[in-house]
Amino acid sequence: MRLLICLSAVPVIAIGAVLALHNYREVTLGSAQRAGNAIMRLDLQFRHDTDRLRSALETIGHMDLTPDQIVHALRLMETISGQRYCFLSVLDDEGKPIQSVSPQGRGCAEVGALSMPTDVHSTLLEAVQTSGGPGEGGAFLRITVPAGFLALPEAHGYLMGILQISRQRAYLGSASGWQVFAEDDNPIQAWLLMHNGQLLPVCSDCGWQSPPPSIVHELKNALENSERSIITLPTGLGGYALGAIAGGADILVSTQRTSMESDALHTMILQIVGLVLLLVIGLVAVTLAANIVLIGPLRRLTYSVQKWQMEGIFDARITRSMPLELQRLGQAFTRATRRLSRHEARLKKAMAHQQLLMKEVHHRVKNNLQIVASLLNLQANQIEHPEVRAEFALARDRIRALATLHRTLYAEDALNSLNMSVFLKELCEQTLHIAGESESGRMTLDVVSDSFWMDPDQAVPLALIVTEIITNSIKYAFPDGQKGTIFVRLHRSHGQLTMQVGDNGVGCVWEEPPIHQGIGLKLIHAFARQLKATLTYKGEGGVQYTLVMRLPENPPETKK
């Protein structure tokens, strides 16, 4: 039950986990999106500066001015722009500088001295890099425009302007268009990714630590394999973005998680923890309630049923706090067990009465058989013919054997089974006693039997066989006052019964076929066939009968 209750919470936990993961991704994606937005703003600023410089250079280059006039126009353009440009130069048709204009304190001359690409037929915009002077190293954008000079004869050359991308912290914090680096609630870092793979920071004196090479490599591969112009990558502490800017260079921007995002993440974590705690408390409460309302009553009901099975007493302990269904179930069990108890009591009473009647039947049968035996004995005493008297005596002994069986059943209080060890010993002693040889000491009994229980229907023919054989041994085995032993062996093993009955007397020789022999041997053969047993006998050195029979697979239950 507890397992089912816990499993019922799995969907809630799964939904909460999905929502928490979605919120976490939103927070991490926010930092990466801000990096992408910063790239777009920087690209706009770069394009604004380069477009204005390119337009000015193209206009001056097509005005058919002399080189001196062009230099004067460049100085005027630099003054009007507020000294925004790092270096302006007039080049001849071989790309060699004729005159140049550079603001005071700016060290871009080394960049201007870089060799110009050959075969420039239109405006060329390119990103370059150089060590520069102190504090002026980094990345630059160079614009080269073909121009015509007014001279005799007319000459052609180039106008070149350089914009510095890498700036100092003070400039980035105050110059118009670079406010993206001055926002306190959105701190960003930016690097120019040059064609040779070198990373140059946009802030030359900020001391920014370059991103790991693995992240740079991942962003470059993603940008090359994507149709988008900007690729973002969220991380646990912020985000990265890589995109192209004017001049063909790529810019990589890194953002850190803002305080608002950190607070939102902490709030989300607290909410998740609170949700988990509430869920655990709810599960514990549901488990306790289920234990009180459902599991406890079911256990009591189960215990009551077990107690009823062992002791016959059923007490469901039905209370009003139990669910109505369990109350009805307990009431139904109570009614059913009461009816069963009454029915069981009636059955026990009927069984006891039946056993009493069976005992009374066996007792009466035993008494009647003893009366018949006594009558036969009285009648035998009135007969003078010895052979007829002997026949009456044999009939009396057989009837007394049956009476002994019923007396044993009655005494043992086992009406459906017979203890063969007790019964066989009593039967043999009684037969010897009736013959008047128990006190003379001339004949002794040697009875050995396994202790087991046997059905009376099988014990009756077996007892009659034993009675016949012992009676014959008493009469014929020891003539002329000889002494000897009559033995009985009864053994049970693996569902098979083996009985040996005989004596160590004078022995005998049987005639063949058996039909010409006496009634005793015929009875023995008949009882053996009734038991479906194998009977063998021998007469050398005394008489010995051996009977082997199969016992039923389910023997009668022994008396406890």
# chains A, B, ... in the order shown; residues from 1 in each chain; ligands from 1
$ residues_around --residues "segment 459-467 of chain A" --least-positions-apart "3" --cutoff "6 Å" --atoms "only C-alpha atoms" --output "list in words"
Pro456, Ile470, Thr471, Ile524 and Phe527 of chain A
$ write_last_selection --atoms "C-alpha atoms" --output "short mmCIF file (atom, residue, chain, number, x, y, z; two decimals), in the first residue's frame"
data_model
loop_
_atom_site.label_atom_id
_atom_site.label_comp_id
_atom_site.auth_asym_id
_atom_site.auth_seq_id
_atom_site.Cartn_x
_atom_site.Cartn_y
_atom_site.Cartn_z
CA PRO A 456 -10.82 -53.16 10.02
CA ILE A 470 -2.38 -70.84 15.61
CA THR A 471 -5.30 -73.22 16.34
CA ILE A 524 -6.88 -69.50 4.84
CA PHE A 527 -9.08 -65.01 3.19
#
$ select_by_dssp --residues "segment 390-486 of chain A" --states "helix (DSSP H, G or I)" --output "compact mmCIF listing (two decimals) with N, CA, C and O atoms, in the first residue's frame"
# COMPACT_ATOMS: atom_id res chain seq x y z
N ALA A 390 -15.04 -80.79 18.13
CA ALA A 390 -13.89 -80.00 17.67
C ALA A 390 -14.32 -78.94 16.65
O ALA A 390 -13.82 -77.83 16.64
N GLU A 391 -15.26 -79.31 15.78
CA GLU A 391 -15.74 -78.34 14.80
C GLU A 391 -16.46 -77.18 15.49
O GLU A 391 -16.30 -76.01 15.11
N PHE A 392 -17.25 -77.51 16.53
CA PHE A 392 -17.89 -76.43 17.29
C PHE A 392 -16.85 -75.54 17.95
O PHE A 392 -17.02 -74.32 18.01
N ALA A 393 -15.77 -76.15 18.41
CA ALA A 393 -14.71 -75.37 19.05
C ALA A 393 -14.03 -74.43 18.04
O ALA A 393 -13.70 -73.28 18.35
N LEU A 394 -13.82 -74.92 16.81
CA LEU A 394 -13.22 -74.06 15.78
C LEU A 394 -14.13 -72.88 15.46
O LEU A 394 -13.67 -71.74 15.32
N ALA A 395 -15.43 -73.14 15.32
CA ALA A 395 -16.36 -72.04 15.06
C ALA A 395 -16.35 -71.04 16.20
O ALA A 395 -16.41 -69.81 16.00
N ARG A 396 -16.29 -71.58 17.45
CA ARG A 396 -16.23 -70.68 18.61
C ARG A 396 -15.00 -69.80 18.56
O ARG A 396 -15.05 -68.60 18.83
N ASP A 397 -13.83 -70.38 18.23
CA ASP A 397 -12.59 -69.60 18.19
C ASP A 397 -12.64 -68.51 17.12
O ASP A 397 -12.14 -67.39 17.31
N ARG A 398 -13.24 -68.83 15.98
CA ARG A 398 -13.34 -67.83 14.92
C ARG A 398 -14.23 -66.68 15.35
O ARG A 398 -13.93 -65.51 15.09
N ILE A 399 -15.34 -67.01 16.01
CA ILE A 399 -16.24 -65.95 16.47
C ILE A 399 -15.57 -65.12 17.55
O ILE A 399 -15.70 -63.89 17.59
N ARG A 400 -14.80 -65.77 18.43
CA ARG A 400 -14.10 -65.02 19.48
C ARG A 400 -13.01 -64.11 18.89
O ARG A 400 -12.71 -63.06 19.43
N ALA A 401 -12.43 -64.53 17.75
CA ALA A 401 -11.44 -63.65 17.09
C ALA A 401 -12.10 -62.36 16.61
O ALA A 401 -11.56 -61.25 16.76
N LEU A 402 -13.33 -62.52 16.06
CA LEU A 402 -14.05 -61.32 15.62
C LEU A 402 -14.45 -60.47 16.82
O LEU A 402 -14.40 -59.23 16.76
N ALA A 403 -14.84 -61.11 17.92
CA ALA A 403 -15.20 -60.36 19.12
C ALA A 403 -13.99 -59.60 19.67
O ALA A 403 -14.10 -58.46 20.15
N THR A 404 -12.83 -60.24 19.58
CA THR A 404 -11.60 -59.56 20.04
C THR A 404 -11.33 -58.31 19.20
O THR A 404 -10.93 -57.26 19.72
N LEU A 405 -11.58 -58.41 17.89
CA LEU A 405 -11.37 -57.24 17.02
C LEU A 405 -12.28 -56.09 17.43
O LEU A 405 -11.85 -54.94 17.55
N HIS A 406 -13.56 -56.37 17.64
CA HIS A 406 -14.50 -55.31 18.04
C HIS A 406 -14.18 -54.77 19.43
O HIS A 406 -14.34 -53.57 19.68
N ARG A 407 -13.71 -55.64 20.32
CA ARG A 407 -13.34 -55.16 21.65
C ARG A 407 -12.13 -54.24 21.58
O ARG A 407 -12.05 -53.22 22.27
N THR A 408 -11.19 -54.56 20.68
CA THR A 408 -10.01 -53.69 20.51
C THR A 408 -10.41 -52.34 19.93
O THR A 408 -9.92 -51.28 20.37
N LEU A 409 -11.30 -52.36 18.94
CA LEU A 409 -11.78 -51.10 18.38
C LEU A 409 -12.46 -50.25 19.44
O LEU A 409 -12.26 -49.03 19.52
N TYR A 410 -13.25 -50.88 20.27
CA TYR A 410 -13.97 -50.15 21.32
C TYR A 410 -13.01 -49.62 22.38
O TYR A 410 -13.12 -48.48 22.83
N ALA A 411 -12.03 -50.43 22.74
CA ALA A 411 -11.10 -50.02 23.80
C ALA A 411 -10.15 -48.93 23.33
O ALA A 411 -9.81 -48.01 24.08
N GLU A 412 -9.71 -49.04 22.08
CA GLU A 412 -8.76 -48.05 21.56
C GLU A 412 -9.45 -46.74 21.17
O GLU A 412 -8.78 -45.76 20.86
N MET A 420 -2.41 -52.74 14.96
CA MET A 420 -2.15 -54.15 14.71
C MET A 420 -1.21 -54.76 15.74
O MET A 420 -1.31 -55.95 16.05
N SER A 421 -0.31 -53.99 16.29
CA SER A 421 0.61 -54.54 17.29
C SER A 421 -0.15 -54.98 18.53
O SER A 421 0.05 -56.09 19.06
N VAL A 422 -1.06 -54.14 19.01
CA VAL A 422 -1.85 -54.47 20.20
C VAL A 422 -2.84 -55.58 19.90
O VAL A 422 -2.99 -56.56 20.68
N PHE A 423 -3.52 -55.45 18.76
CA PHE A 423 -4.56 -56.42 18.43
C PHE A 423 -3.99 -57.82 18.21
O PHE A 423 -4.54 -58.82 18.69
N LEU A 424 -2.88 -57.92 17.50
CA LEU A 424 -2.31 -59.22 17.18
C LEU A 424 -1.83 -59.93 18.45
O LEU A 424 -2.03 -61.16 18.62
N LYS A 425 -1.23 -59.18 19.35
CA LYS A 425 -0.75 -59.80 20.60
C LYS A 425 -1.92 -60.31 21.44
O LYS A 425 -1.90 -61.43 21.98
N GLU A 426 -2.97 -59.51 21.55
CA GLU A 426 -4.14 -59.91 22.34
C GLU A 426 -4.84 -61.11 21.70
O GLU A 426 -5.28 -62.05 22.39
N LEU A 427 -4.93 -61.13 20.35
CA LEU A 427 -5.59 -62.23 19.66
C LEU A 427 -4.84 -63.54 19.88
O LEU A 427 -5.46 -64.59 20.16
N CYS A 428 -3.53 -63.52 19.79
CA CYS A 428 -2.74 -64.75 19.95
C CYS A 428 -2.82 -65.25 21.40
O CYS A 428 -2.97 -66.47 21.65
N GLU A 429 -2.72 -64.34 22.37
CA GLU A 429 -2.81 -64.76 23.77
C GLU A 429 -4.19 -65.33 24.09
O GLU A 429 -4.31 -66.32 24.84
N GLN A 430 -5.22 -64.71 23.51
CA GLN A 430 -6.57 -65.21 23.77
C GLN A 430 -6.75 -66.60 23.18
O GLN A 430 -7.35 -67.50 23.80
N THR A 431 -6.25 -66.82 21.96
CA THR A 431 -6.38 -68.14 21.33
C THR A 431 -5.67 -69.21 22.14
O THR A 431 -6.18 -70.33 22.33
N LEU A 432 -4.46 -68.89 22.65
CA LEU A 432 -3.72 -69.85 23.46
C LEU A 432 -4.43 -70.10 24.78
O LEU A 432 -4.46 -71.24 25.30
N HIS A 433 -5.03 -69.03 25.35
CA HIS A 433 -5.74 -69.17 26.63
C HIS A 433 -6.97 -70.05 26.47
O HIS A 433 -7.27 -70.91 27.33
N ILE A 434 -7.75 -69.86 25.41
CA ILE A 434 -8.97 -70.64 25.19
C ILE A 434 -8.61 -72.11 25.01
O ILE A 434 -9.35 -73.01 25.44
N PRO A 456 -10.17 -51.95 9.50
CA PRO A 456 -10.82 -53.16 10.02
C PRO A 456 -11.23 -54.14 8.94
O PRO A 456 -11.22 -55.36 9.17
N ASP A 457 -11.58 -53.65 7.74
CA ASP A 457 -11.98 -54.56 6.67
C ASP A 457 -10.83 -55.46 6.24
O ASP A 457 -11.07 -56.59 5.74
N GLN A 458 -9.60 -55.00 6.40
CA GLN A 458 -8.45 -55.84 6.11
C GLN A 458 -7.99 -56.62 7.34
O GLN A 458 -7.43 -57.71 7.22
N ALA A 459 -8.22 -56.06 8.50
CA ALA A 459 -7.77 -56.74 9.73
C ALA A 459 -8.59 -57.99 10.02
O ALA A 459 -8.09 -58.96 10.61
N VAL A 460 -9.88 -58.03 9.64
CA VAL A 460 -10.74 -59.18 9.94
C VAL A 460 -10.23 -60.45 9.26
O VAL A 460 -9.98 -61.47 9.92
N PRO A 461 -10.04 -60.46 7.92
CA PRO A 461 -9.52 -61.69 7.32
C PRO A 461 -8.12 -62.05 7.81
O PRO A 461 -7.77 -63.23 7.93
N LEU A 462 -7.31 -61.02 8.08
CA LEU A 462 -5.97 -61.30 8.60
C LEU A 462 -6.04 -61.97 9.96
O LEU A 462 -5.30 -62.92 10.25
N ALA A 463 -6.96 -61.50 10.82
CA ALA A 463 -7.11 -62.11 12.15
C ALA A 463 -7.62 -63.54 12.05
O ALA A 463 -7.18 -64.44 12.81
N LEU A 464 -8.52 -63.79 11.11
CA LEU A 464 -9.03 -65.14 10.96
C LEU A 464 -7.95 -66.08 10.45
O LEU A 464 -7.89 -67.26 10.84
N ILE A 465 -7.07 -65.59 9.56
CA ILE A 465 -5.95 -66.41 9.10
C ILE A 465 -5.05 -66.78 10.27
O ILE A 465 -4.63 -67.93 10.45
N VAL A 466 -4.70 -65.75 11.10
CA VAL A 466 -3.83 -66.01 12.25
C VAL A 466 -4.49 -67.00 13.21
O VAL A 466 -3.86 -67.93 13.74
N THR A 467 -5.80 -66.84 13.45
CA THR A 467 -6.52 -67.75 14.36
C THR A 467 -6.48 -69.17 13.85
O THR A 467 -6.23 -70.13 14.60
N GLU A 468 -6.71 -69.36 12.53
CA GLU A 468 -6.70 -70.70 11.97
C GLU A 468 -5.33 -71.36 12.11
O GLU A 468 -5.21 -72.53 12.50
N ILE A 469 -4.27 -70.60 11.80
CA ILE A 469 -2.92 -71.18 11.82
C ILE A 469 -2.52 -71.50 13.25
O ILE A 469 -1.97 -72.60 13.54
N ILE A 470 -2.77 -70.59 14.22
CA ILE A 470 -2.38 -70.84 15.61
C ILE A 470 -3.18 -72.02 16.19
O ILE A 470 -2.65 -72.88 16.92
N THR A 471 -4.48 -72.09 15.84
CA THR A 471 -5.30 -73.22 16.34
C THR A 471 -4.76 -74.54 15.83
O THR A 471 -4.66 -75.54 16.58
N ASN A 472 -4.37 -74.59 14.53
CA ASN A 472 -3.79 -75.83 13.99
C ASN A 472 -2.46 -76.16 14.67
O ASN A 472 -2.17 -77.35 14.92
N SER A 473 -1.66 -75.14 14.96
CA SER A 473 -0.37 -75.41 15.62
C SER A 473 -0.60 -75.96 17.02
O SER A 473 0.13 -76.86 17.47
N ILE A 474 -1.58 -75.41 17.73
CA ILE A 474 -1.87 -75.90 19.09
C ILE A 474 -2.32 -77.37 19.05
O ILE A 474 -1.94 -78.19 19.89
N LYS A 475 -3.09 -77.72 18.03
CA LYS A 475 -3.69 -79.05 17.98
C LYS A 475 -2.72 -80.11 17.45
O LYS A 475 -2.73 -81.26 17.91
N TYR A 476 -1.87 -79.73 16.46
CA TYR A 476 -1.12 -80.77 15.76
C TYR A 476 0.40 -80.62 15.81
O TYR A 476 1.12 -81.58 15.49
N ALA A 477 0.93 -79.45 16.19
CA ALA A 477 2.38 -79.25 16.07
C ALA A 477 3.17 -79.94 17.18
O ALA A 477 4.35 -80.30 16.95
$ select_by_dssp --residues "segment 338-478 of chain A" --states "strand (DSSP E)" --output "list in words"
Leu418, Asn419, Met443, Thr444, Leu445, Asp446, Val447, Val448, Ser449, Trp453 and Met454 of chain A
$ atom_distance --atom1 "atom CA of Ile15 of chain A" --atom2 "atom CA of Ile272 of chain A"
11.4 Å
$ closest_residue --among "A:Ser214, A:Ser259, A:Thr536, A:Gln33" --to "Thr232 of chain A" --atoms "only C-alpha atoms"
A:Gln33
$ closest_atom_pairs --of "segment 515-541 of chain A" --to "segment 499-503 of chain A" --cutoff "10 Å" --atoms "only C-alpha atoms" --output "tab-separated table"
residue	atom	partner	partner_atom	distance
A:Leu535	CA	A:Met499	CA	9.6
A:Thr536	CA	A:Gln500	CA	9.6
A:Tyr537	CA	A:Gly502	CA	9.1
A:Lys538	CA	A:Gly502	CA	9.4
A:Gly539	CA	A:Gly502	CA	9.3
A:Gly541	CA	A:Asp503	CA	8.6
$ residues_around --residues "segment 69-80 of chain A" --least-positions-apart "4" --cutoff "10 Å" --atoms "only C-alpha atoms" --output "ChimeraX atom specification"
/A:53,56-57,60-61,63-65,84-90,98-103,147,149-150,159,161
$ write_last_selection --atoms "N, CA and C atoms" --output "mmCIF file, in the first residue's frame"
data_model
loop_
_atom_site.group_PDB
_atom_site.id
_atom_site.type_symbol
_atom_site.label_atom_id
_atom_site.label_comp_id
_atom_site.auth_asym_id
_atom_site.auth_seq_id
_atom_site.Cartn_x
_atom_site.Cartn_y
_atom_site.Cartn_z
ATOM 1 N N LEU A 53 32.499 56.499 -42.385
ATOM 2 C CA LEU A 53 33.861 56.696 -42.853
ATOM 3 C C LEU A 53 33.964 56.352 -44.338
ATOM 4 N N ALA A 56 32.383 59.102 -46.464
ATOM 5 C CA ALA A 56 33.222 60.303 -46.529
ATOM 6 C C ALA A 56 34.411 60.089 -47.449
ATOM 7 N N LEU A 57 35.053 58.933 -47.326
ATOM 8 C CA LEU A 57 36.216 58.669 -48.177
ATOM 9 C C LEU A 57 35.815 58.580 -49.639
ATOM 10 N N ILE A 60 35.117 62.161 -50.951
ATOM 11 C CA ILE A 60 36.345 62.937 -51.158
ATOM 12 C C ILE A 60 37.125 62.376 -52.346
ATOM 13 N N GLY A 61 37.137 61.051 -52.493
ATOM 14 C CA GLY A 61 37.910 60.433 -53.563
ATOM 15 C C GLY A 61 37.375 60.756 -54.937
ATOM 16 N N MET A 63 36.010 63.762 -55.807
ATOM 17 C CA MET A 63 35.853 65.220 -55.968
ATOM 18 C C MET A 63 36.934 65.831 -56.879
ATOM 19 N N ASP A 64 37.834 65.021 -57.446
ATOM 20 C CA ASP A 64 38.903 65.511 -58.337
ATOM 21 C C ASP A 64 39.703 66.623 -57.670
ATOM 22 N N LEU A 65 40.216 66.326 -56.469
ATOM 23 C CA LEU A 65 41.039 67.279 -55.724
ATOM 24 C C LEU A 65 42.505 66.901 -55.843
ATOM 25 N N ARG A 84 37.051 60.856 -34.272
ATOM 26 C CA ARG A 84 36.587 59.476 -34.080
ATOM 27 C C ARG A 84 37.519 58.477 -34.768
ATOM 28 N N TYR A 85 38.224 58.947 -35.805
ATOM 29 C CA TYR A 85 39.007 58.016 -36.602
ATOM 30 C C TYR A 85 40.428 57.970 -36.092
ATOM 31 N N CYS A 86 41.017 56.810 -36.211
ATOM 32 C CA CYS A 86 42.357 56.589 -35.666
ATOM 33 C C CYS A 86 43.443 57.059 -36.640
ATOM 34 N N PHE A 87 43.234 56.898 -37.958
ATOM 35 C CA PHE A 87 44.279 57.225 -38.917
ATOM 36 C C PHE A 87 43.629 57.412 -40.282
ATOM 37 N N LEU A 88 44.005 58.464 -41.005
ATOM 38 C CA LEU A 88 43.532 58.761 -42.360
ATOM 39 C C LEU A 88 44.769 59.019 -43.215
ATOM 40 N N SER A 89 44.766 58.466 -44.441
ATOM 41 C CA SER A 89 45.986 58.571 -45.248
ATOM 42 C C SER A 89 45.622 58.623 -46.724
ATOM 43 N N VAL A 90 46.542 59.349 -47.520
ATOM 44 C CA VAL A 90 46.428 59.394 -48.976
ATOM 45 C C VAL A 90 47.557 58.548 -49.529
ATOM 46 N N ILE A 98 51.329 59.132 -49.177
ATOM 47 C CA ILE A 98 51.743 60.467 -49.608
ATOM 48 C C ILE A 98 51.652 61.415 -48.432
ATOM 49 N N GLN A 99 50.518 61.508 -47.818
ATOM 50 C CA GLN A 99 50.323 62.303 -46.622
ATOM 51 C C GLN A 99 49.305 61.568 -45.750
ATOM 52 N N SER A 100 49.326 61.847 -44.414
ATOM 53 C CA SER A 100 48.422 61.179 -43.485
ATOM 54 C C SER A 100 47.940 62.153 -42.450
ATOM 55 N N VAL A 101 46.804 61.806 -41.820
ATOM 56 C CA VAL A 101 46.200 62.616 -40.761
ATOM 57 C C VAL A 101 45.930 61.662 -39.595
ATOM 58 N N SER A 102 46.450 62.016 -38.404
ATOM 59 C CA SER A 102 46.249 61.193 -37.206
ATOM 60 C C SER A 102 45.996 62.101 -36.030
ATOM 61 N N PRO A 103 45.017 61.834 -35.230
ATOM 62 C CA PRO A 103 44.738 62.676 -34.070
ATOM 63 C C PRO A 103 45.910 62.705 -33.113
ATOM 64 N N ALA A 147 40.759 56.475 -55.456
ATOM 65 C CA ALA A 147 40.523 57.927 -55.609
ATOM 66 C C ALA A 147 41.279 58.450 -56.833
ATOM 67 N N PHE A 149 43.280 61.890 -58.414
ATOM 68 C CA PHE A 149 43.935 63.128 -57.999
ATOM 69 C C PHE A 149 43.978 64.083 -59.196
ATOM 70 N N LEU A 150 43.755 65.348 -58.901
ATOM 71 C CA LEU A 150 43.814 66.367 -59.936
ATOM 72 C C LEU A 150 45.269 66.819 -60.075
ATOM 73 N N LEU A 159 42.519 56.334 -50.876
ATOM 74 C CA LEU A 159 42.304 56.950 -49.568
ATOM 75 C C LEU A 159 42.078 55.829 -48.559
ATOM 76 N N GLY A 161 41.277 54.851 -44.389
ATOM 77 C CA GLY A 161 40.865 55.260 -43.056
ATOM 78 C C GLY A 161 40.866 54.071 -42.122
#
$ closest_residue --among "A:Met268, A:Leu301, A:Leu242, A:Ala336" --to "Asn221 of chain A" --atoms "only C-alpha atoms"
A:Leu242
$ residues_around --residues "segment 203-206 of chain A" --least-positions-apart "6" --cutoff "6 Å" --atoms "only C-alpha atoms" --output "PyMOL selection string"
chain A and resi 166-169
$ write_last_selection --atoms "C-alpha atoms" --output "PDB file, in the first residue's frame"
ATOM      1  CA  SER A 166      39.995  47.730 -29.176  1.00  0.00           C
ATOM      2  CA  ARG A 167      39.519  50.602 -26.772  1.00  0.00           C
ATOM      3  CA  GLN A 168      40.411  51.453 -23.215  1.00  0.00           C
ATOM      4  CA  ARG A 169      37.984  51.129 -20.337  1.00  0.00           C
TER       5      ARG A 169
END
